[in-house]
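As structure tokens, the structure follows; a few thoughts come after it.
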Amino acid sequence: MLPQYALSQLLEALFAVVVAPLALGWVNQCRAWLQNRRGPGVTQPYRVIAKLFRKEVVLAHQASFLFRAVPYLVFGCMVLATGIVPMLATALPFAPAADVIALVGLLALARIFMALAAMDTGTAFGSLGARREMLVAALAEPALLMVFFMPSLIARSTSLTTIVETLAHQRVAVHPSLAFAAVAFVMVMLAENARIPVDNPGTHLELTMIHEATILEYSGRHLALIEWAHALKLLVYATIGIALFVPWGIAEAGHWGALPTAVLALAAKLLVGGAALAVTETVSAKLRIFRAPEFLATAFLMAVLGMLTHLLLEATA
Amino acid sequence: MSFVSFSPLPCVLGIAVYWIALGILGLTQRADRDAGRILYAAGAAGGLLLAVTAAWALGDAPTTVQLPLGLPGLPFHLRLDSLAAFFLVLLGLAVTGISLFSTGYFTSGSTTNDRVTCLHYHFFLAAMVFVLLADDAYMFMVAWESMALVSYFLVTSDHRFAEIRSAGFLYLVVAHVGAMAILLCFGVLHGPDGGYTFEAMRSADRTPFWATTAFLLALVGFGAKAGFLPLHAWLPEAHPAAPSPVSALMSGVMLKTAIYGLLRIGFDLLPIQYASWGVIALALGLVTMLYGVLFAAVQTDMKRLLAYSSIENIGLVLAAIGLAIVFRAHAMPALAALALCAALFHCLNHALFKSLLFLATGAVMHATSQRSLGRLGGLIHPMPWVAGAALVGTLAIAGLPPLNGFVSEWLLLQAFLLSPELPDPYLRMIVPVATAALVLAAAVAAYVMVKFYGVVFLGQPREPSLRYAHDADAWQRAGLLFLVAGCVLAGLFPVKVLHGIDHVATGLLGRGMGDAVGGHWLHVTPVSAERASYSPLLVLAGILGVVSAVFLYVRVRYHMRTRRAPAWDCGFPAQTSRMQDTAEGFGQPIKQIFEPFFRIEREMPSPFDGAPRYRARTEDKLWYALYLPLVRLVERIAGWVSRLQHGRIQWYLVYSFATLLALLVLIRCQ
């Protein structure tokens, strides 16, 4: 492996870690504008994380070693996930270590650690949140895998870099299955990132929270890591969506000159995507918890339909 | 090989005989606890030796031996080929861990009769070895029935309790229905001139009709032992009834002997496969998988939960076998090898992590005498060893990287993703539906395992006595750690495992995954490096690297002040352990979403009830739809038959006379 590739891998992961809170801040700022508020500014997540790192950790009496290890593990999983997703360039030496299925596995690993940590303190809201989070995941994860399988079938590979290179070259080819996949993906992304209509990231109202309930007992540096990991997760999902459905502009292996264009293209896409997310969240209302399975079942069905469409219309075997 | 004289088959036989000897020794022991313990530890050494020997034999050509035992003219034939060797490795590895654990578990007085339990335990191990070595139908049935009988005695080793006796009876009935189907299958398969050896069966010519009949009979017969739907009903009854090491053996290893039997008949004795078999197996496997995982989600007994989870895993293995048959029937040997390797890998994984989890429940029961999830909780504090081992098992069975459960599911998904290359358009249509069912079951399995681990080990103890639960002793820890190491190593070095499994695929299909697994020891690349690759070691290194870097950074850059305080819980002050989610609560969403699958009985109190009680029972629909009508039918037929019996000798003589006449007429007519 060439050292410059390893460097690009490291730089890309660092870029993601640094940029992730900014993306979250942008979404929050857009929401504030849409709701006629001035908003805290796009750098607010950095200030929150910095403040939390300086604060003292208050641990519940019941908390075990698992509870203390989980923030680090979740953060590690998310950083690794950013290492697999081609954001700026497809030259990722780490990518062969994990394909899309392993990526879904990594996200699941982080989620299960979160749920176990939530149950560890033995509080009413913690276990409630863990149950709901696992329920949403149990329905969203199959849909996510099915979404990933469509581009995998088109590219005949489950490696993300290969998929993105294939799709980026097929500018003219029309894949109706990808339209289904895109709709299903957006629905899964909303659910997995605890956004409206499945969950409300701004709420601490006891009975409606899902993700917030799982992190209720965290404080100080632990909470900072979890918030950061959460921002990373949103960025990972956003960049996967961009890479799969609008990959144009990404720098391909060896084309270092294309990198500035790639950064600009990614920034533009993230700006538009973040604004669109804010609009979606503003115009829709949160679903009751037992309507969430219907929402996710729709996503799952969309993905299955998309796969059928692919086999009926696009398969050439 | 440097020393030619070493041959694995006599060595394997020797280990089986050694286990039988240990069992007999166990019968003669005095009621002295240390003597009994040493026997299990000695058995564990045999298990390790078996695993090493069989792993040695994986790549070798098949060897056969004829024992001068059995009936006159019907000697026992034994054969050790790569398929048998792979399952012997699985047996040996699982037994090493389970026997080590048993050394600490079966202390005096832990079962009704310790000496007999020791005898049955070791006979059970030996019977499984003979099932895997048998090379003729006669030997196979003798070993198979011995295994069923001995395991029945093990299930009912606490026969003082009525529900354990009835669970054992159900197991015995289902086992015998299965054995009859297997016997009929061998009847159909017989070689030219009625040859009963497997060698003769391989060379026999069959019409597609008889080959299909044989396959379906094998599916039913081995399905009864493995727990395919609708013959799964005994698993959730028998597993909780048996002592935990026995549950571990049955779930981890015995179910795999049924998979072995299905592979032996489906791929070895029947040389030609038809795509329709594969579709049947695939559909049955997926239905079994979904059914198992949904029922696991609503269980409130930790061993029943694990038993349903075994049904799910066996369903996954069957689906993979079905896919392999479909590929093979369409002459796509490389893909068939991939699907078959996924099935075998998952067999090995399940043997490791399910044994581990059953042993963990054993340690929990030993320490708390509780099996119900409603009375456990918070055990991570008093039992850190068991909790740590169970955490690895939980993550592995939930199919998470970088552990072993993920590898086999990953391989199977790769095989599914390659199935659009099938020439048959109708078969291709099955792919999205089958893949959807597979990933849904896998995702719900993660939900189930979070429930299992969270309710047993995390949170506040639901009973005050749990605070004083003792951790596993040194023997039990050794057994648990052995299986943990198995899960981790098989997860981190899948290419090494696949090398071994590849010999089996080559032996059965004539072609293995070939270079696909041998390209690089670090990455698994089932088809080609561009198509898909996965490297668990790099994933683990990546996670650990980031974690340690972040930890060091936080440590150097910020203070590490920590304070202990009561849990915040949104400022709610009075928190008791009863406010946590219960096992029922955790199962409730699944119950609500997948309501048509369950038979739910609810008792709601009226609004004016002074002492309201809410009760809900979730039961198996198939039990009421299939088993109870069947029982009634059998009882009715038995009622009719009993009309023939009057207890008068003259009537019985009339029956004999009439039968004789009928037979004479029959012969005359021919």
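Ordered as shown in the structure tokens, chains take letters A, B, and onward, while each chain numbers its residues from 1 and ligands are numbered from 1 in the order shown.
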
For region 349-351 of chain B, list every protein, DNA or RNA residue within 7 Å, evaluated using only C-alpha atoms, and leave out those in the same chain fewer than 6 positions away; present the list as a list of chain:residue names.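 My list of contacting residues is B:Leu90, B:Ala94, B:Gly252, B:Val253, B:Asn404, B:Gly405, B:Cys487.
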
Tell me the residues of chain B close to chain A, meaning within 6 Å using only C-alpha atoms, as a PyMOL selection string. chain B and resi 400-401+421+439-440+443-444+447+454+458-460+531-535+543+546-547+561-567+579-581

List the spatial neighbours of Met187 (chain A) as a ChimeraX atom specification - criterion: any atom at most 9 Å away, only C-alpha atoms, same-chain residues fewer than 5 positions off excluded. /A:140,182,192,295-296,298-299

For the structure I just gave you, how does DSSP split region 345-474 of chain B - specifically, which residues are helix (DSSP H, G or I)? Reply as a ChimeraX atom specification. /B:345-368,373-375,384-397,404-421,425-457,464-468,474

Using C-alpha atoms, can you export the residues from the last selection as a compact mmCIF listing (two decimals), in the first residue's frame?
```txt
# COMPACT_ATOMS: atom_id res chain seq x y z
CA PHE B 345 -19.27 -22.12 9.40
CA HIS B 346 -22.52 -21.24 11.10
CA CYS B 347 -22.75 -24.77 12.53
CA LEU B 348 -19.34 -24.30 14.11
CA ASN B 349 -20.22 -20.82 15.36
CA HIS B 350 -23.48 -21.94 16.85
CA ALA B 351 -21.75 -24.83 18.61
CA LEU B 352 -19.38 -22.33 20.20
CA PHE B 353 -21.63 -19.45 21.19
CA LYS B 354 -24.75 -21.37 22.05
CA SER B 355 -22.79 -23.74 24.29
CA LEU B 356 -21.22 -20.67 25.87
CA LEU B 357 -24.57 -19.03 26.56
CA PHE B 358 -26.18 -22.19 27.90
CA LEU B 359 -23.21 -22.65 30.23
CA ALA B 360 -23.57 -19.03 31.34
CA THR B 361 -27.22 -19.67 32.20
CA GLY B 362 -26.00 -22.75 34.06
CA ALA B 363 -23.63 -20.66 36.13
CA VAL B 364 -26.43 -18.16 36.80
CA MET B 365 -28.79 -20.92 37.90
CA HIS B 366 -26.09 -22.45 40.03
CA ALA B 367 -25.55 -19.14 41.82
CA THR B 368 -29.14 -17.95 42.08
CA LEU B 373 -35.92 -13.57 33.67
CA GLY B 374 -38.34 -11.77 35.96
CA ARG B 375 -36.24 -12.64 39.02
CA PRO B 384 -18.15 -10.42 36.47
CA TRP B 385 -16.52 -13.51 34.92
CA VAL B 386 -19.75 -15.06 33.77
CA ALA B 387 -21.09 -11.67 32.66
CA GLY B 388 -17.95 -10.97 30.63
CA ALA B 389 -18.05 -14.37 28.94
CA ALA B 390 -21.76 -14.05 28.23
CA LEU B 391 -21.18 -10.60 26.73
CA VAL B 392 -18.87 -12.10 24.11
CA GLY B 393 -21.41 -14.85 23.42
CA THR B 394 -24.20 -12.30 23.14
CA LEU B 395 -22.32 -10.10 20.69
CA ALA B 396 -21.28 -13.16 18.69
CA ILE B 397 -24.78 -14.61 18.41
CA ASN B 404 -17.64 -15.24 14.56
CA GLY B 405 -21.41 -14.99 14.13
CA PHE B 406 -20.97 -12.14 11.70
CA VAL B 407 -18.68 -14.11 9.38
CA SER B 408 -21.15 -16.87 8.60
CA GLU B 409 -24.04 -14.45 8.13
CA TRP B 410 -21.81 -12.34 5.90
CA LEU B 411 -20.88 -15.35 3.77
CA LEU B 412 -24.53 -16.34 3.47
CA LEU B 413 -25.55 -12.83 2.41
CA GLN B 414 -22.78 -12.87 -0.18
CA ALA B 415 -24.18 -16.13 -1.50
CA PHE B 416 -27.65 -14.58 -1.67
CA LEU B 417 -26.31 -11.55 -3.50
CA LEU B 418 -24.79 -13.84 -6.12
CA SER B 419 -28.03 -15.68 -6.76
CA PRO B 420 -29.25 -13.28 -9.49
CA GLU B 421 -26.79 -15.22 -11.64
CA PRO B 425 -36.06 -16.31 -13.64
CA TYR B 426 -38.56 -17.64 -11.10
CA LEU B 427 -35.81 -18.64 -8.73
CA ARG B 428 -34.28 -15.21 -9.08
CA MET B 429 -37.55 -13.71 -7.87
CA ILE B 430 -37.22 -15.64 -4.64
CA VAL B 431 -34.00 -13.86 -3.84
CA PRO B 432 -35.35 -10.50 -2.61
CA VAL B 433 -37.98 -12.15 -0.46
CA ALA B 434 -35.55 -14.67 0.99
CA THR B 435 -32.92 -12.01 1.63
CA ALA B 436 -35.51 -9.82 3.30
CA ALA B 437 -36.58 -12.65 5.61
CA LEU B 438 -32.97 -13.42 6.42
CA VAL B 439 -31.97 -9.88 7.33
CA LEU B 440 -35.17 -9.33 9.30
CA ALA B 441 -34.52 -12.43 11.38
CA ALA B 442 -30.91 -11.40 11.93
CA ALA B 443 -31.96 -7.94 13.11
CA VAL B 444 -34.60 -9.27 15.49
CA ALA B 445 -31.99 -11.74 16.81
CA ALA B 446 -29.93 -8.76 17.95
CA TYR B 447 -33.01 -7.41 19.74
CA VAL B 448 -33.49 -10.77 21.46
CA MET B 449 -29.90 -10.94 22.61
CA VAL B 450 -29.97 -7.42 24.04
CA LYS B 451 -33.05 -8.47 25.96
CA PHE B 452 -31.35 -11.63 27.22
CA TYR B 453 -28.16 -9.95 28.33
CA GLY B 454 -29.72 -6.76 29.60
CA VAL B 455 -32.35 -8.44 31.73
CA VAL B 456 -30.05 -11.08 33.23
CA PHE B 457 -26.80 -9.23 33.78
CA PRO B 464 -32.41 -8.87 47.03
CA SER B 465 -30.62 -12.23 47.26
CA LEU B 466 -28.99 -11.70 43.86
CA ARG B 467 -26.46 -9.30 45.38
CA TYR B 468 -24.83 -12.26 47.09
CA ALA B 474 -12.20 -21.95 38.41
```

What lies within 10 Å of Ala320 (chain B) using only C-alpha atoms, ignoring chain neighbours under 4 positions off, as a PDB file with N, CA, C and O atoms, in the first residue's frame?
```pdb
ATOM      1  N   GLY B 278     -33.885 -27.745  -3.023  1.00  0.00           N
ATOM      2  CA  GLY B 278     -33.243 -26.566  -2.469  1.00  0.00           C
ATOM      3  C   GLY B 278     -34.268 -25.510  -2.109  1.00  0.00           C
ATOM      4  O   GLY B 278     -34.181 -24.877  -1.052  1.00  0.00           O
ATOM      5  N   ALA B 281     -36.035 -26.574   1.046  1.00  0.00           N
ATOM      6  CA  ALA B 281     -35.175 -26.397   2.225  1.00  0.00           C
ATOM      7  C   ALA B 281     -35.004 -24.924   2.549  1.00  0.00           C
ATOM      8  O   ALA B 281     -35.048 -24.521   3.719  1.00  0.00           O
ATOM      9  N   LEU B 282     -34.844 -24.109   1.510  1.00  0.00           N
ATOM     10  CA  LEU B 282     -34.661 -22.674   1.714  1.00  0.00           C
ATOM     11  C   LEU B 282     -35.893 -22.069   2.384  1.00  0.00           C
ATOM     12  O   LEU B 282     -35.799 -21.349   3.384  1.00  0.00           O
ATOM     13  N   GLY B 285     -36.266 -23.327   5.893  1.00  0.00           N
ATOM     14  CA  GLY B 285     -35.246 -22.723   6.751  1.00  0.00           C
ATOM     15  C   GLY B 285     -35.613 -21.300   7.136  1.00  0.00           C
ATOM     16  O   GLY B 285     -35.510 -20.916   8.297  1.00  0.00           O
ATOM     17  N   LEU B 286     -36.088 -20.525   6.170  1.00  0.00           N
ATOM     18  CA  LEU B 286     -36.412 -19.128   6.463  1.00  0.00           C
ATOM     19  C   LEU B 286     -37.603 -19.030   7.398  1.00  0.00           C
ATOM     20  O   LEU B 286     -37.620 -18.213   8.318  1.00  0.00           O
ATOM     21  N   ILE B 314     -30.687 -22.845  13.563  1.00  0.00           N
ATOM     22  CA  ILE B 314     -30.783 -24.032  12.720  1.00  0.00           C
ATOM     23  C   ILE B 314     -31.510 -23.688  11.422  1.00  0.00           C
ATOM     24  O   ILE B 314     -31.162 -24.185  10.345  1.00  0.00           O
ATOM     25  N   GLY B 315     -32.508 -22.805  11.521  1.00  0.00           N
ATOM     26  CA  GLY B 315     -33.203 -22.360  10.316  1.00  0.00           C
ATOM     27  C   GLY B 315     -32.246 -21.684   9.352  1.00  0.00           C
ATOM     28  O   GLY B 315     -32.305 -21.906   8.141  1.00  0.00           O
ATOM     29  N   LEU B 316     -31.333 -20.884   9.900  1.00  0.00           N
ATOM     30  CA  LEU B 316     -30.350 -20.213   9.048  1.00  0.00           C
ATOM     31  C   LEU B 316     -29.462 -21.234   8.335  1.00  0.00           C
ATOM     32  O   LEU B 316     -29.194 -21.112   7.142  1.00  0.00           O
ATOM     33  N   ALA B 324     -27.404 -23.839  -1.236  1.00  0.00           N
ATOM     34  CA  ALA B 324     -26.320 -24.638  -1.832  1.00  0.00           C
ATOM     35  C   ALA B 324     -26.899 -25.658  -2.805  1.00  0.00           C
ATOM     36  O   ALA B 324     -26.342 -25.881  -3.891  1.00  0.00           O
ATOM     37  N   ILE B 325     -28.018 -26.277  -2.429  1.00  0.00           N
ATOM     38  CA  ILE B 325     -28.620 -27.276  -3.329  1.00  0.00           C
ATOM     39  C   ILE B 325     -29.090 -26.605  -4.609  1.00  0.00           C
ATOM     40  O   ILE B 325     -28.898 -27.142  -5.719  1.00  0.00           O
ATOM     41  N   VAL B 326     -29.709 -25.418  -4.468  1.00  0.00           N
ATOM     42  CA  VAL B 326     -30.188 -24.720  -5.665  1.00  0.00           C
ATOM     43  C   VAL B 326     -29.017 -24.441  -6.612  1.00  0.00           C
ATOM     44  O   VAL B 326     -29.091 -24.708  -7.815  1.00  0.00           O
ATOM     45  N   ALA B 336     -22.265 -22.896  -4.943  1.00  0.00           N
ATOM     46  CA  ALA B 336     -22.747 -23.927  -4.016  1.00  0.00           C
ATOM     47  C   ALA B 336     -21.759 -24.097  -2.875  1.00  0.00           C
ATOM     48  O   ALA B 336     -22.143 -24.214  -1.709  1.00  0.00           O
ATOM     49  N   LEU B 338     -19.768 -21.843  -1.716  1.00  0.00           N
ATOM     50  CA  LEU B 338     -19.859 -20.669  -0.844  1.00  0.00           C
ATOM     51  C   LEU B 338     -21.021 -20.825   0.142  1.00  0.00           C
ATOM     52  O   LEU B 338     -20.865 -20.627   1.355  1.00  0.00           O
ATOM     53  N   ALA B 339     -22.193 -21.216  -0.381  1.00  0.00           N
ATOM     54  CA  ALA B 339     -23.362 -21.358   0.501  1.00  0.00           C
ATOM     55  C   ALA B 339     -23.138 -22.479   1.510  1.00  0.00           C
ATOM     56  O   ALA B 339     -23.484 -22.361   2.695  1.00  0.00           O
ATOM     57  N   LEU B 340     -22.539 -23.573   1.043  1.00  0.00           N
ATOM     58  CA  LEU B 340     -22.297 -24.700   1.952  1.00  0.00           C
ATOM     59  C   LEU B 340     -21.290 -24.310   3.034  1.00  0.00           C
ATOM     60  O   LEU B 340     -21.448 -24.672   4.213  1.00  0.00           O
ATOM     61  N   CYS B 341     -20.262 -23.557   2.644  1.00  0.00           N
ATOM     62  CA  CYS B 341     -19.281 -23.117   3.638  1.00  0.00           C
ATOM     63  C   CYS B 341     -19.943 -22.213   4.673  1.00  0.00           C
ATOM     64  O   CYS B 341     -19.620 -22.280   5.853  1.00  0.00           O
ATOM     65  N   ALA B 342     -20.885 -21.370   4.206  1.00  0.00           N
ATOM     66  CA  ALA B 342     -21.597 -20.511   5.153  1.00  0.00           C
ATOM     67  C   ALA B 342     -22.369 -21.378   6.142  1.00  0.00           C
ATOM     68  O   ALA B 342     -22.357 -21.118   7.352  1.00  0.00           O
ATOM     69  N   ALA B 343     -23.029 -22.434   5.630  1.00  0.00           N
ATOM     70  CA  ALA B 343     -23.807 -23.310   6.509  1.00  0.00           C
ATOM     71  C   ALA B 343     -22.899 -23.981   7.539  1.00  0.00           C
ATOM     72  O   ALA B 343     -23.201 -23.998   8.739  1.00  0.00           O
ATOM     73  N   LEU B 344     -21.767 -24.516   7.064  1.00  0.00           N
ATOM     74  CA  LEU B 344     -20.881 -25.241   7.981  1.00  0.00           C
ATOM     75  C   LEU B 344     -20.241 -24.286   8.985  1.00  0.00           C
ATOM     76  O   LEU B 344     -20.103 -24.608  10.170  1.00  0.00           O
ATOM     77  N   HIS B 346     -21.527 -21.617  10.081  1.00  0.00           N
ATOM     78  CA  HIS B 346     -22.516 -21.244  11.095  1.00  0.00           C
ATOM     79  C   HIS B 346     -22.744 -22.387  12.083  1.00  0.00           C
ATOM     80  O   HIS B 346     -22.993 -22.140  13.265  1.00  0.00           O
ATOM     81  N   SER B 408     -20.308 -15.923   9.329  1.00  0.00           N
ATOM     82  CA  SER B 408     -21.149 -16.868   8.599  1.00  0.00           C
ATOM     83  C   SER B 408     -22.347 -16.160   7.991  1.00  0.00           C
ATOM     84  O   SER B 408     -22.754 -16.475   6.869  1.00  0.00           O
ATOM     85  N   GLU B 409     -22.915 -15.176   8.709  1.00  0.00           N
ATOM     86  CA  GLU B 409     -24.040 -14.447   8.125  1.00  0.00           C
ATOM     87  C   GLU B 409     -23.582 -13.641   6.915  1.00  0.00           C
ATOM     88  O   GLU B 409     -24.292 -13.533   5.909  1.00  0.00           O
ATOM     89  N   LEU B 411     -21.084 -14.422   4.894  1.00  0.00           N
ATOM     90  CA  LEU B 411     -20.882 -15.353   3.773  1.00  0.00           C
ATOM     91  C   LEU B 411     -22.219 -15.721   3.148  1.00  0.00           C
ATOM     92  O   LEU B 411     -22.363 -15.793   1.922  1.00  0.00           O
ATOM     93  N   LEU B 412     -23.226 -15.951   3.991  1.00  0.00           N
ATOM     94  CA  LEU B 412     -24.526 -16.343   3.468  1.00  0.00           C
ATOM     95  C   LEU B 412     -25.139 -15.194   2.660  1.00  0.00           C
ATOM     96  O   LEU B 412     -25.706 -15.422   1.580  1.00  0.00           O
ATOM     97  N   LEU B 413     -25.007 -13.972   3.164  1.00  0.00           N
ATOM     98  CA  LEU B 413     -25.549 -12.833   2.414  1.00  0.00           C
ATOM     99  C   LEU B 413     -24.820 -12.677   1.086  1.00  0.00           C
ATOM    100  O   LEU B 413     -25.434 -12.353   0.063  1.00  0.00           O
ATOM    101  N   ALA B 415     -23.629 -15.099  -0.632  1.00  0.00           N
ATOM    102  CA  ALA B 415     -24.183 -16.134  -1.504  1.00  0.00           C
ATOM    103  C   ALA B 415     -25.531 -15.684  -2.054  1.00  0.00           C
ATOM    104  O   ALA B 415     -25.836 -15.890  -3.232  1.00  0.00           O
ATOM    105  N   PHE B 416     -26.344 -15.062  -1.207  1.00  0.00           N
ATOM    106  CA  PHE B 416     -27.646 -14.583  -1.669  1.00  0.00           C
ATOM    107  C   PHE B 416     -27.476 -13.514  -2.747  1.00  0.00           C
ATOM    108  O   PHE B 416     -28.201 -13.485  -3.726  1.00  0.00           O
TER     109      PHE B 416
END
```

CA of His330 (chain B) to CA of Thr212 (chain B), straight-line distance in Å: 16.6 Å

Close residues, Asp620 (chain B) itself excluded, 10 Å, only C-alpha atoms, min 4 positions apart in chain, as number ranges by chain: B: 233, 291, 295, 597-600, 624-625
